[in-house]
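Colleague: See my_file.pdb below, with PDB, C-alpha atoms and all ligand atoms.
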ATOM      1  CA  MET A   1     -84.431  19.943 131.894  1.00  0.00           C
ATOM      2  CA  LYS A   2     -81.249  21.185 133.630  1.00  0.00           C
ATOM      3  CA  LEU A   3     -77.880  20.430 132.057  1.00  0.00           C
ATOM      4  CA  PHE A   4     -74.673  20.150 134.066  1.00  0.00           C
ATOM      5  CA  VAL A   5     -71.201  19.755 132.545  1.00  0.00           C
ATOM      6  CA  TYR A   6     -68.344  18.191 134.526  1.00  0.00           C
ATOM      7  CA  HIS A   7     -64.926  18.326 132.886  1.00  0.00           C
ATOM      8  CA  THR A   8     -63.592  15.145 134.503  1.00  0.00           C
ATOM      9  CA  PRO A   9     -64.860  12.161 136.519  1.00  0.00           C
ATOM     10  CA  GLU A  10     -63.023  13.628 139.544  1.00  0.00           C
ATOM     11  CA  LEU A  11     -65.073  16.870 139.334  1.00  0.00           C
ATOM     12  CA  THR A  12     -68.361  14.940 139.140  1.00  0.00           C
ATOM     13  CA  PRO A  13     -70.388  15.001 142.393  1.00  0.00           C
ATOM     14  CA  LYS A  14     -70.334  11.858 144.498  1.00  0.00           C
ATOM     15  CA  ASP A  15     -73.338  10.516 146.440  1.00  0.00           C
ATOM     16  CA  GLN A  16     -75.822  11.861 143.852  1.00  0.00           C
ATOM     17  CA  ALA A  17     -76.998  10.669 140.470  1.00  0.00           C
ATOM     18  CA  PRO A  18     -78.804  12.470 137.645  1.00  0.00           C
ATOM     19  CA  ASP A  19     -81.794  11.175 135.671  1.00  0.00           C
ATOM     20  CA  CYS A  20     -79.506  10.921 132.660  1.00  0.00           C
ATOM     21  CA  ALA A  21     -75.703  10.779 132.563  1.00  0.00           C
ATOM     22  CA  ILE A  22     -73.775  11.182 129.323  1.00  0.00           C
ATOM     23  CA  ALA A  23     -70.145  10.052 129.306  1.00  0.00           C
ATOM     24  CA  VAL A  24     -67.857  11.681 126.728  1.00  0.00           C
ATOM     25  CA  ASP A  25     -64.424  10.534 125.597  1.00  0.00           C
ATOM     26  CA  VAL A  26     -64.108  11.903 122.080  1.00  0.00           C
ATOM     27  CA  LEU A  27     -60.489  10.682 121.748  1.00  0.00           C
ATOM     28  CA  ARG A  28     -61.359   7.907 121.549  1.00  0.00           C
ATOM     29  CA  ALA A  29     -63.403   5.556 123.756  1.00  0.00           C
ATOM     30  CA  THR A  30     -66.903   6.923 123.131  1.00  0.00           C
ATOM     31  CA  SER A  31     -66.134   7.370 119.415  1.00  0.00           C
ATOM     32  CA  THR A  32     -65.119   3.693 119.357  1.00  0.00           C
ATOM     33  CA  ILE A  33     -68.256   2.596 121.256  1.00  0.00           C
ATOM     34  CA  ALA A  34     -70.534   4.419 118.786  1.00  0.00           C
ATOM     35  CA  THR A  35     -68.615   2.972 115.829  1.00  0.00           C
ATOM     36  CA  VAL A  36     -68.795  -0.627 117.087  1.00  0.00           C
ATOM     37  CA  LEU A  37     -72.531  -0.454 117.724  1.00  0.00           C
ATOM     38  CA  SER A  38     -73.148   1.259 114.403  1.00  0.00           C
ATOM     39  CA  ALA A  39     -71.176  -1.495 112.649  1.00  0.00           C
ATOM     40  CA  GLY A  40     -73.411  -4.216 114.137  1.00  0.00           C
ATOM     41  CA  GLY A  41     -71.531  -5.136 117.303  1.00  0.00           C
ATOM     42  CA  GLU A  42     -73.790  -7.066 119.717  1.00  0.00           C
ATOM     43  CA  ALA A  43     -72.737  -4.853 122.664  1.00  0.00           C
ATOM     44  CA  VAL A  44     -69.775  -3.072 124.170  1.00  0.00           C
ATOM     45  CA  GLN A  45     -68.812  -4.027 127.714  1.00  0.00           C
ATOM     46  CA  VAL A  46     -66.438  -1.666 129.513  1.00  0.00           C
ATOM     47  CA  PHE A  47     -63.955  -2.409 132.289  1.00  0.00           C
ATOM     48  CA  SER A  48     -61.532  -0.237 134.204  1.00  0.00           C
ATOM     49  CA  ASP A  49     -59.449  -3.282 135.118  1.00  0.00           C
ATOM     50  CA  LEU A  50     -57.693  -5.357 132.442  1.00  0.00           C
ATOM     51  CA  ASP A  51     -57.606  -8.580 134.514  1.00  0.00           C
ATOM     52  CA  GLU A  52     -61.334  -8.371 135.148  1.00  0.00           C
ATOM     53  CA  LEU A  53     -61.911  -7.824 131.415  1.00  0.00           C
ATOM     54  CA  ILE A  54     -59.964 -10.982 130.608  1.00  0.00           C
ATOM     55  CA  ALA A  55     -61.753 -13.049 133.267  1.00  0.00           C
ATOM     56  CA  VAL A  56     -65.269 -11.972 132.184  1.00  0.00           C
ATOM     57  CA  SER A  57     -64.568 -12.257 128.453  1.00  0.00           C
ATOM     58  CA  GLU A  58     -63.235 -15.813 128.938  1.00  0.00           C
ATOM     59  CA  THR A  59     -66.805 -16.848 129.829  1.00  0.00           C
ATOM     60  CA  TRP A  60     -67.952 -15.712 126.358  1.00  0.00           C
ATOM     61  CA  PRO A  61     -67.644 -17.905 123.197  1.00  0.00           C
ATOM     62  CA  SER A  62     -64.370 -16.912 121.476  1.00  0.00           C
ATOM     63  CA  GLN A  63     -65.999 -16.372 118.048  1.00  0.00           C
ATOM     64  CA  LYS A  64     -68.502 -13.969 119.645  1.00  0.00           C
ATOM     65  CA  ARG A  65     -66.015 -11.699 121.413  1.00  0.00           C
ATOM     66  CA  LEU A  66     -63.306  -9.146 120.709  1.00  0.00           C
ATOM     67  CA  ARG A  67     -60.952  -7.735 123.309  1.00  0.00           C
ATOM     68  CA  ALA A  68     -59.640  -4.187 123.199  1.00  0.00           C
ATOM     69  CA  GLY A  69     -57.101  -2.784 125.634  1.00  0.00           C
ATOM     70  CA  GLU A  70     -55.587   0.734 125.573  1.00  0.00           C
ATOM     71  CA  ARG A  71     -53.172   2.400 127.951  1.00  0.00           C
ATOM     72  CA  GLY A  72     -51.460   5.729 127.275  1.00  0.00           C
ATOM     73  CA  GLY A  73     -52.985   5.774 123.773  1.00  0.00           C
ATOM     74  CA  GLY A  74     -51.298   2.504 122.727  1.00  0.00           C
ATOM     75  CA  LYS A  75     -52.633  -1.043 122.355  1.00  0.00           C
ATOM     76  CA  VAL A  76     -52.076  -3.328 125.342  1.00  0.00           C
ATOM     77  CA  SER A  77     -50.054  -6.350 124.259  1.00  0.00           C
ATOM     78  CA  GLY A  78     -52.021  -9.572 123.976  1.00  0.00           C
ATOM     79  CA  PHE A  79     -55.275  -7.773 123.068  1.00  0.00           C
ATOM     80  CA  GLU A  80     -56.743  -8.053 119.568  1.00  0.00           C
ATOM     81  CA  LEU A  81     -57.490  -4.340 119.369  1.00  0.00           C
ATOM     82  CA  GLY A  82     -56.358  -1.060 120.866  1.00  0.00           C
ATOM     83  CA  ASN A  83     -58.825   1.814 120.845  1.00  0.00           C
ATOM     84  CA  SER A  84     -58.916   2.910 117.220  1.00  0.00           C
ATOM     85  CA  PRO A  85     -62.491   3.288 115.958  1.00  0.00           C
ATOM     86  CA  LEU A  86     -61.178   2.740 112.433  1.00  0.00           C
ATOM     87  CA  ASP A  87     -60.293  -0.877 113.273  1.00  0.00           C
ATOM     88  CA  CYS A  88     -63.933  -1.585 114.129  1.00  0.00           C
ATOM     89  CA  THR A  89     -65.216  -2.538 110.694  1.00  0.00           C
ATOM     90  CA  PRO A  90     -68.549  -4.334 110.183  1.00  0.00           C
ATOM     91  CA  GLU A  91     -66.587  -7.393 108.907  1.00  0.00           C
ATOM     92  CA  LEU A  92     -64.795  -7.626 112.233  1.00  0.00           C
ATOM     93  CA  VAL A  93     -67.390  -6.587 114.811  1.00  0.00           C
ATOM     94  CA  GLU A  94     -70.763  -7.728 113.452  1.00  0.00           C
ATOM     95  CA  GLY A  95     -72.567  -9.937 115.987  1.00  0.00           C
ATOM     96  CA  ARG A  96     -69.666  -9.824 118.437  1.00  0.00           C
ATOM     97  CA  ARG A  97     -69.324  -8.222 121.863  1.00  0.00           C
ATOM     98  CA  LEU A  98     -66.418  -5.828 122.342  1.00  0.00           C
ATOM     99  CA  PHE A  99     -64.834  -6.095 125.794  1.00  0.00           C
ATOM    100  CA  ILE A 100     -62.856  -2.879 126.264  1.00  0.00           C
ATOM    101  CA  SER A 101     -60.699  -1.108 128.822  1.00  0.00           C
ATOM    102  CA  THR A 102     -59.186   2.329 128.184  1.00  0.00           C
ATOM    103  CA  THR A 103     -57.174   4.787 130.292  1.00  0.00           C
ATOM    104  CA  ASN A 104     -59.869   7.367 131.053  1.00  0.00           C
ATOM    105  CA  GLY A 105     -63.089   6.714 129.133  1.00  0.00           C
ATOM    106  CA  THR A 106     -64.032   3.591 130.994  1.00  0.00           C
ATOM    107  CA  ARG A 107     -63.307   5.346 134.336  1.00  0.00           C
ATOM    108  CA  ALA A 108     -65.798   8.097 133.436  1.00  0.00           C
ATOM    109  CA  LEU A 109     -68.415   5.479 132.645  1.00  0.00           C
ATOM    110  CA  LYS A 110     -67.820   3.754 135.985  1.00  0.00           C
ATOM    111  CA  ARG A 111     -68.272   7.074 137.786  1.00  0.00           C
ATOM    112  CA  VAL A 112     -71.864   7.497 136.484  1.00  0.00           C
ATOM    113  CA  GLN A 113     -72.905   3.882 136.048  1.00  0.00           C
ATOM    114  CA  HIS A 114     -75.593   4.037 138.785  1.00  0.00           C
ATOM    115  CA  SER A 115     -77.561   6.817 137.070  1.00  0.00           C
ATOM    116  CA  ALA A 116     -81.082   5.944 135.887  1.00  0.00           C
ATOM    117  CA  THR A 117     -79.997   6.301 132.238  1.00  0.00           C
ATOM    118  CA  VAL A 118     -76.397   6.244 131.013  1.00  0.00           C
ATOM    119  CA  LEU A 119     -75.537   7.229 127.440  1.00  0.00           C
ATOM    120  CA  THR A 120     -72.248   7.707 125.641  1.00  0.00           C
ATOM    121  CA  ALA A 121     -71.579  10.599 123.289  1.00  0.00           C
ATOM    122  CA  ALA A 122     -68.936  11.750 120.850  1.00  0.00           C
ATOM    123  CA  PHE A 123     -69.098  14.260 118.029  1.00  0.00           C
ATOM    124  CA  ILE A 124     -69.887  11.460 115.576  1.00  0.00           C
ATOM    125  CA  ASN A 125     -73.197  10.556 117.297  1.00  0.00           C
ATOM    126  CA  ARG A 126     -74.027  13.919 118.919  1.00  0.00           C
ATOM    127  CA  ALA A 127     -77.381  14.336 117.092  1.00  0.00           C
ATOM    128  CA  ALA A 128     -78.749  11.004 118.384  1.00  0.00           C
ATOM    129  CA  VAL A 129     -77.992  12.031 121.972  1.00  0.00           C
ATOM    130  CA  VAL A 130     -79.570  15.461 121.482  1.00  0.00           C
ATOM    131  CA  GLN A 131     -82.685  13.891 119.951  1.00  0.00           C
ATOM    132  CA  TYR A 132     -83.001  11.574 122.973  1.00  0.00           C
ATOM    133  CA  LEU A 133     -82.780  14.534 125.393  1.00  0.00           C
ATOM    134  CA  LEU A 134     -85.378  16.535 123.490  1.00  0.00           C
ATOM    135  CA  GLU A 135     -87.778  13.580 123.307  1.00  0.00           C
ATOM    136  CA  LYS A 136     -87.413  12.266 126.864  1.00  0.00           C
ATOM    137  CA  GLN A 137     -86.807  15.566 128.671  1.00  0.00           C
ATOM    138  CA  PRO A 138     -84.928  14.079 131.658  1.00  0.00           C
ATOM    139  CA  GLU A 139     -85.035  16.505 134.577  1.00  0.00           C
ATOM    140  CA  THR A 140     -81.313  16.459 135.374  1.00  0.00           C
ATOM    141  CA  VAL A 141     -78.617  15.683 132.805  1.00  0.00           C
ATOM    142  CA  TRP A 142     -74.916  15.372 133.605  1.00  0.00           C
ATOM    143  CA  ILE A 143     -72.439  15.461 130.752  1.00  0.00           C
ATOM    144  CA  VAL A 144     -69.185  14.034 132.067  1.00  0.00           C
ATOM    145  CA  GLY A 145     -65.888  14.451 130.233  1.00  0.00           C
ATOM    146  CA  SER A 146     -63.244  11.778 130.666  1.00  0.00           C
ATOM    147  CA  GLY A 147     -60.305  14.164 130.705  1.00  0.00           C
ATOM    148  CA  TRP A 148     -56.827  12.705 130.949  1.00  0.00           C
ATOM    149  CA  GLU A 149     -55.786  11.211 134.293  1.00  0.00           C
ATOM    150  CA  GLY A 150     -57.769  13.793 136.242  1.00  0.00           C
ATOM    151  CA  SER A 151     -57.029  16.803 134.019  1.00  0.00           C
ATOM    152  CA  PHE A 152     -59.320  18.759 131.703  1.00  0.00           C
ATOM    153  CA  SER A 153     -59.508  17.717 128.029  1.00  0.00           C
ATOM    154  CA  LEU A 154     -60.426  20.321 125.409  1.00  0.00           C
ATOM    155  CA  GLU A 155     -62.139  17.832 123.107  1.00  0.00           C
ATOM    156  CA  ASP A 156     -64.481  16.362 125.754  1.00  0.00           C
ATOM    157  CA  THR A 157     -65.659  19.751 126.991  1.00  0.00           C
ATOM    158  CA  ALA A 158     -66.103  20.928 123.385  1.00  0.00           C
ATOM    159  CA  CYS A 159     -68.328  17.891 122.743  1.00  0.00           C
ATOM    160  CA  ALA A 160     -70.328  18.641 125.914  1.00  0.00           C
ATOM    161  CA  GLY A 161     -70.720  22.139 124.474  1.00  0.00           C
ATOM    162  CA  ALA A 162     -71.848  20.724 121.124  1.00  0.00           C
ATOM    163  CA  ILE A 163     -74.618  18.794 122.879  1.00  0.00           C
ATOM    164  CA  ALA A 164     -75.688  21.789 124.988  1.00  0.00           C
ATOM    165  CA  HIS A 165     -75.503  24.111 121.968  1.00  0.00           C
ATOM    166  CA  ALA A 166     -77.854  21.868 119.947  1.00  0.00           C
ATOM    167  CA  VAL A 167     -80.295  21.482 122.859  1.00  0.00           C
ATOM    168  CA  VAL A 168     -80.428  25.282 123.239  1.00  0.00           C
ATOM    169  CA  GLU A 169     -80.929  25.753 119.499  1.00  0.00           C
ATOM    170  CA  LYS A 170     -83.626  23.113 119.104  1.00  0.00           C
ATOM    171  CA  SER A 171     -85.545  23.797 122.332  1.00  0.00           C
ATOM    172  CA  GLN A 172     -85.381  27.576 121.803  1.00  0.00           C
ATOM    173  CA  LEU A 173     -84.712  27.933 125.530  1.00  0.00           C
ATOM    174  CA  PRO A 174     -82.111  30.499 126.581  1.00  0.00           C
ATOM    175  CA  PRO A 175     -78.810  28.900 127.719  1.00  0.00           C
ATOM    176  CA  GLU A 176     -79.141  30.397 131.212  1.00  0.00           C
ATOM    177  CA  GLU A 177     -82.416  28.545 131.691  1.00  0.00           C
ATOM    178  CA  LEU A 178     -80.944  25.183 130.679  1.00  0.00           C
ATOM    179  CA  ALA A 179     -77.577  25.588 132.393  1.00  0.00           C
ATOM    180  CA  GLY A 180     -77.285  23.983 135.820  1.00  0.00           C
ATOM    181  CA  ASN A 181     -73.676  25.161 136.259  1.00  0.00           C
ATOM    182  CA  ASP A 182     -71.225  27.672 134.767  1.00  0.00           C
ATOM    183  CA  GLU A 183     -69.375  24.919 132.933  1.00  0.00           C
ATOM    184  CA  VAL A 184     -72.323  24.592 130.513  1.00  0.00           C
ATOM    185  CA  ILE A 185     -71.922  28.199 129.371  1.00  0.00           C
ATOM    186  CA  SER A 186     -68.146  27.849 128.979  1.00  0.00           C
ATOM    187  CA  ALA A 187     -68.533  24.548 127.087  1.00  0.00           C
ATOM    188  CA  ILE A 188     -70.968  26.194 124.653  1.00  0.00           C
ATOM    189  CA  ALA A 189     -68.492  29.072 124.163  1.00  0.00           C
ATOM    190  CA  LEU A 190     -65.641  26.633 123.475  1.00  0.00           C
ATOM    191  CA  TYR A 191     -67.686  24.682 120.942  1.00  0.00           C
ATOM    192  CA  SER A 192     -68.981  27.855 119.271  1.00  0.00           C
ATOM    193  CA  GLN A 193     -65.407  29.036 118.723  1.00  0.00           C
ATOM    194  CA  TRP A 194     -64.207  25.749 117.193  1.00  0.00           C
ATOM    195  CA  GLN A 195     -67.294  24.172 115.613  1.00  0.00           C
ATOM    196  CA  ASN A 196     -66.002  24.685 112.060  1.00  0.00           C
ATOM    197  CA  ASN A 197     -62.502  23.430 112.854  1.00  0.00           C
ATOM    198  CA  LEU A 198     -62.753  20.609 115.368  1.00  0.00           C
ATOM    199  CA  LEU A 199     -59.715  18.905 113.856  1.00  0.00           C
ATOM    200  CA  GLY A 200     -57.764  22.109 114.499  1.00  0.00           C
ATOM    201  CA  LEU A 201     -58.949  22.025 118.128  1.00  0.00           C
ATOM    202  CA  PHE A 202     -57.773  18.398 118.449  1.00  0.00           C
ATOM    203  CA  HIS A 203     -54.324  19.495 117.272  1.00  0.00           C
ATOM    204  CA  HIS A 204     -54.177  21.879 120.280  1.00  0.00           C
ATOM    205  CA  ALA A 205     -55.387  19.233 122.729  1.00  0.00           C
ATOM    206  CA  SER A 206     -52.787  17.385 124.798  1.00  0.00           C
ATOM    207  CA  HIS A 207     -54.307  13.977 124.023  1.00  0.00           C
ATOM    208  CA  GLY A 208     -54.671  14.953 120.366  1.00  0.00           C
ATOM    209  CA  LYS A 209     -50.931  15.640 120.313  1.00  0.00           C
ATOM    210  CA  ARG A 210     -50.245  12.339 122.057  1.00  0.00           C
ATOM    211  CA  LEU A 211     -52.254  10.478 119.395  1.00  0.00           C
ATOM    212  CA  LEU A 212     -50.453  12.357 116.609  1.00  0.00           C
ATOM    213  CA  ARG A 213     -47.128  11.190 118.090  1.00  0.00           C
ATOM    214  CA  LEU A 214     -48.554   7.659 117.909  1.00  0.00           C
ATOM    215  CA  GLU A 215     -49.399   8.254 114.221  1.00  0.00           C
ATOM    216  CA  CYS A 216     -53.154   8.169 114.802  1.00  0.00           C
ATOM    217  CA  ASP A 217     -53.826  11.109 112.425  1.00  0.00           C
ATOM    218  CA  GLU A 218     -56.696   9.265 110.723  1.00  0.00           C
ATOM    219  CA  ASP A 219     -58.406   8.630 114.071  1.00  0.00           C
ATOM    220  CA  LEU A 220     -58.349  12.356 114.809  1.00  0.00           C
ATOM    221  CA  LYS A 221     -59.902  13.120 111.428  1.00  0.00           C
ATOM    222  CA  TYR A 222     -62.603  10.493 111.916  1.00  0.00           C
ATOM    223  CA  CYS A 223     -63.468  11.613 115.467  1.00  0.00           C
ATOM    224  CA  SER A 224     -63.700  15.278 114.410  1.00  0.00           C
ATOM    225  CA  GLN A 225     -66.748  14.599 112.213  1.00  0.00           C
ATOM    226  CA  THR A 226     -70.121  15.670 113.613  1.00  0.00           C
ATOM    227  CA  ASP A 227     -73.442  13.770 113.454  1.00  0.00           C
ATOM    228  CA  ILE A 228     -72.312  11.026 111.034  1.00  0.00           C
ATOM    229  CA  LEU A 229     -73.776   8.071 113.010  1.00  0.00           C
ATOM    230  CA  THR A 230     -77.322   7.649 114.307  1.00  0.00           C
ATOM    231  CA  VAL A 231     -76.522   5.199 117.125  1.00  0.00           C
ATOM    232  CA  LEU A 232     -77.505   5.903 120.721  1.00  0.00           C
ATOM    233  CA  PRO A 233     -75.330   3.749 123.018  1.00  0.00           C
ATOM    234  CA  MET A 234     -77.297   3.158 126.228  1.00  0.00           C
ATOM    235  CA  GLN A 235     -76.312   1.176 129.303  1.00  0.00           C
ATOM    236  CA  GLN A 236     -78.447  -1.963 129.646  1.00  0.00           C
ATOM    237  CA  GLU A 237     -76.782  -3.353 132.770  1.00  0.00           C
ATOM    238  CA  PRO A 238     -73.753  -1.948 134.589  1.00  0.00           C
ATOM    239  CA  GLY A 239     -70.967  -1.555 132.032  1.00  0.00           C
ATOM    240  CA  VAL A 240     -72.881  -3.068 129.090  1.00  0.00           C
ATOM    241  CA  PHE A 241     -73.895  -0.741 126.231  1.00  0.00           C
ATOM    242  CA  LYS A 242     -76.234  -1.501 123.354  1.00  0.00           C
ATOM    243  CA  THR A 243     -77.973   0.687 120.835  1.00  0.00           C
ATOM    244  CA  LEU A 244     -81.718   0.989 120.609  1.00  0.00           C
ATOM    245  CA  ASN A 245     -81.713   2.136 116.999  1.00  0.00           C
TER     246      ASN A 245
HETATM  247  C1  LIG A 301     -58.982   6.994 127.111  1.00  0.00           C
HETATM  248  O1  LIG A 301     -59.871   6.292 127.602  1.00  0.00           O
HETATM  249  O2  LIG A 301     -58.160   7.587 127.802  1.00  0.00           O
HETATM  250  C2  LIG A 301     -58.876   7.212 125.618  1.00  0.00           C
HETATM  251  O3  LIG A 301     -59.929   6.675 124.950  1.00  0.00           O
HETATM  252  C3  LIG A 301     -57.503   6.943 125.133  1.00  0.00           C
HETATM  253  C4  LIG A 301     -57.342   6.653 123.662  1.00  0.00           C
HETATM  254  O4  LIG A 301     -57.224   7.556 122.859  1.00  0.00           O
HETATM  255  O5  LIG A 301     -57.315   5.502 123.284  1.00  0.00           O
END
Give the structure from this file in structure tokens form.
Ligand code: MLT
Modeller:
Amino acid sequence: MKLFVYHTPELTPKDQAPDCAIAVDVLRATSTIATVLSAGGEAVQVFSDLDELIAVSETWPSQKRLRAGERGGGKVSGFELGNSPLDCTPELVEGRRLFISTTNGTRALKRVQHSATVLTAAFINRAAVVQYLLEKQPETVWIVGSGWEGSFSLEDTACAGAIAHAVVEKSQLPPEELAGNDEVISAIALYSQWQNNLLGLFHHASHGKRLLRLECDEDLKYCSQTDILTVLPMQQEPGVFKTLN
């Protein structure tokens, strides 16, 4: 297995696809996806375009769907939900499909959607993703951070590092053997420095600060927890994610 980390969708190679792509948007899209599926959501369907989301979701029975729209960290008016994982309670999401569009997370997913396997990861479901990699041993793995409008995001690269760190630890392989690019080594270093204070890291992150200005303190706390959910969100058809466990 060779791991590659790309900090943003823009830095991810075009015209190639890995055996397994893992999209990461810790704050907050991939944390929300894991939470919805863990709470019994039927599936999460992602869109980069809000109009397309509305058109496709209209074809779905209204009692079986929820629509979530986020731009700039805030809820898009007219949508039932924004992008707070804490809103996705079992009472609300059980048996329903979440149709979601967010500023960056859904763009990252679009960028890798033609890979043989597409997973989503956040700190909260990191262990499930690591277990999948160790069991299936895909030859090439890309971990793609969502960043913020083309720029690097601390929290996404730290999560990529958390995945790589656990793979190194559990496979007993030296990092230089697993690393397909230098970004893997730097992501592991970033995670190693902050692993006991991820919330502190989020407070340094530009999107963390944006969410704090929007009074999303509880979301930051929730998303900074590691390995609390066992779900493995996996793409079943382009843009549609379900969990196998
Ligand atoms: C995004 O996709 O940019 C994020 O998930 C934004 C957010 O925090 O809602």
Colleague: Compute the set of protein, DNA and RNA residues whose minimum atom distance to ligand LIG 301 (chain A) is at most 8 Å, using only C-alpha atoms and all ligand atoms, and state it as an mmCIF file with C-alpha atoms, keeping the file's coordinate frame.
Modeller:
data_model
loop_
_atom_site.group_PDB
_atom_site.id
_atom_site.type_symbol
_atom_site.label_atom_id
_atom_site.label_comp_id
_atom_site.auth_asym_id
_atom_site.auth_seq_id
_atom_site.Cartn_x
_atom_site.Cartn_y
_atom_site.Cartn_z
ATOM 1 C CA ASP A 25 -64.424 10.534 125.597
ATOM 2 C CA VAL A 26 -64.108 11.903 122.080
ATOM 3 C CA LEU A 27 -60.489 10.682 121.748
ATOM 4 C CA ARG A 28 -61.359 7.907 121.549
ATOM 5 C CA ALA A 29 -63.403 5.556 123.756
ATOM 6 C CA THR A 30 -66.903 6.923 123.131
ATOM 7 C CA GLU A 70 -55.587 0.734 125.573
ATOM 8 C CA ARG A 71 -53.172 2.400 127.951
ATOM 9 C CA GLY A 72 -51.460 5.729 127.275
ATOM 10 C CA GLY A 73 -52.985 5.774 123.773
ATOM 11 C CA GLY A 74 -51.298 2.504 122.727
ATOM 12 C CA GLY A 82 -56.358 -1.060 120.866
ATOM 13 C CA ASN A 83 -58.825 1.814 120.845
ATOM 14 C CA SER A 84 -58.916 2.910 117.220
ATOM 15 C CA SER A 101 -60.699 -1.108 128.822
ATOM 16 C CA THR A 102 -59.186 2.329 128.184
ATOM 17 C CA THR A 103 -57.174 4.787 130.292
ATOM 18 C CA ASN A 104 -59.869 7.367 131.053
ATOM 19 C CA GLY A 105 -63.089 6.714 129.133
ATOM 20 C CA THR A 106 -64.032 3.591 130.994
ATOM 21 C CA ARG A 107 -63.307 5.346 134.336
ATOM 22 C CA SER A 146 -63.244 11.778 130.666
ATOM 23 C CA GLY A 147 -60.305 14.164 130.705
ATOM 24 C CA TRP A 148 -56.827 12.705 130.949
ATOM 25 C CA GLU A 149 -55.786 11.211 134.293
ATOM 26 C CA HIS A 207 -54.307 13.977 124.023
ATOM 27 C CA LEU A 211 -52.254 10.478 119.395
#
Colleague: How far is it from CA of Gln113 in chain A to CA of Ala187 in chain A, in Å with one decimal?
Modeller: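 Value for the CA of Gln113 in chain A-CA of Ala187 in chain A distance: 22.9 Å.
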Colleague: Pick out the residues sitting within 7 Å of range 163-180 of chain A, and hand them over as a VMD selection string; count all atoms listed in the file, and ignore anything fewer than 2 positions along from it in its own chain.
Modeller: chain A and resid 1 to 4 126 130 159 to 161 184 to 185 188
Colleague: For the selection just defined, write its residues with C-alpha atoms to a file, as a PDB file, in the frame of the given file.
Modeller:
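Contents of out-v1.pdb, as written:
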ATOM      1  CA  MET A   1     -84.431  19.943 131.894  1.00  0.00           C
ATOM      2  CA  LYS A   2     -81.249  21.185 133.630  1.00  0.00           C
ATOM      3  CA  LEU A   3     -77.880  20.430 132.057  1.00  0.00           C
ATOM      4  CA  PHE A   4     -74.673  20.150 134.066  1.00  0.00           C
ATOM      5  CA  ARG A 126     -74.027  13.919 118.919  1.00  0.00           C
ATOM      6  CA  VAL A 130     -79.570  15.461 121.482  1.00  0.00           C
ATOM      7  CA  CYS A 159     -68.328  17.891 122.743  1.00  0.00           C
ATOM      8  CA  ALA A 160     -70.328  18.641 125.914  1.00  0.00           C
ATOM      9  CA  GLY A 161     -70.720  22.139 124.474  1.00  0.00           C
ATOM     10  CA  VAL A 184     -72.323  24.592 130.513  1.00  0.00           C
ATOM     11  CA  ILE A 185     -71.922  28.199 129.371  1.00  0.00           C
ATOM     12  CA  ILE A 188     -70.968  26.194 124.653  1.00  0.00           C
TER      13      ILE A 188
END
Colleague: At most 10 Å from (-79.2, 15.0, 116.1), file frame, all atoms listed in the file: which residues, as a PyMOL selection string?
Modeller: chain A and resi 124-134+163+166-167+170+226-230
Colleague: Which residues are close to Gln16 in chain A, i.e. within 10 Å by all atoms listed in the file, leaving aside same-chain residues fewer than 4 positions away? Reply as a PyMOL selection string.
Modeller: chain A and resi 12+112+114-115
Colleague: Hey, can you check how far CA of Ala122 in chain A sits from CA of Val24 in chain A?
Modeller: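 Separating CA of Ala122 in chain A from CA of Val24 in chain A is a distance of 6.0 Å.
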Colleague: Counting all atoms listed in the file, which residue out of A:Thr140, A:Gln195, A:Asp182, A:Glu94 sits closest to Ala158 in chain A?
Modeller: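 Counting all atoms listed in the file, the residue closest to Ala158 in chain A is A:Gln195.
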Colleague: Find the distance between CA of Ile54 in chain A and CA of Phe99 in chain A and write it in Å to one decimal.
Modeller: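 Interatomic distance here is 8.4 Å.
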Colleague: Which polymer residues have any atom within 7 Å of an atom of range 20-22 of chain A, counting all atoms listed in the file, with same-chain residues fewer than 5 positions away left out, as a list in words?
Modeller: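 My reading of the contact set: Val112, Ser115, Ala116, Thr117, Val118, Leu119, Thr120, Ala121, Pro138, Thr140, Val141, Trp142, Ile143 and Val144 of chain A.
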Colleague: Which one is closest to Glu218 in chain A: A:Pro85, A:Ala205, A:Lys64, A:Thr35? Count all atoms listed in the file.
Modeller: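 That would be A:Pro85, the residue with the smallest distance to Glu218 in chain A.
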Colleague: Expanded to explicit residues, what is the PyMOL selection byres (((chain A and resi 43) around 7) and not hetatm) for this file, as a list in words?
Modeller: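 Applied to this file, the PyMOL selection byres (((chain A and resi 43) around 7) and not hetatm) returns Leu37, Gly41, Glu42, Val44, Gln45, Arg97, Leu98, Val240, Phe241 and Lys242 of chain A.
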Colleague: With C-alpha atoms retained, export the selected residues as a compact mmCIF listing (two decimals), in the coordinates of the input.
Modeller:
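Output (selection_26.txt):
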# COMPACT_ATOMS: atom_id res chain seq x y z
CA LEU A 37 -72.53 -0.45 117.72
CA GLY A 41 -71.53 -5.14 117.30
CA GLU A 42 -73.79 -7.07 119.72
CA VAL A 44 -69.78 -3.07 124.17
CA GLN A 45 -68.81 -4.03 127.71
CA ARG A 97 -69.32 -8.22 121.86
CA LEU A 98 -66.42 -5.83 122.34
CA VAL A 240 -72.88 -3.07 129.09
CA PHE A 241 -73.90 -0.74 126.23
CA LYS A 242 -76.23 -1.50 123.35
Colleague: Using only C-alpha atoms, find the one residue out of A:Val56, A:Ala23, A:Ala189, A:Ala108 that sits nearest to Met234 in chain A.
Modeller: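 Closest to Met234 in chain A, using only C-alpha atoms: A:Ala23.
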Colleague: Measuring atom to atom with only C-alpha atoms, identify which of A:His204, A:Ile33, A:Gly95, A:Leu50 is nearest to Ser77 in chain A.
Modeller: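 Using only C-alpha atoms, Ser77 in chain A sits closest to A:Leu50.
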Colleague: Taking the point (-67.0, -9.3, 109.2) as given in the file, collect each protein or nucleic acid residue that comes within 12 Å of it, counting only C-alpha atoms, and present the set as number ranges by chain.
Modeller: A: 36, 39-41, 63-64, 87-96
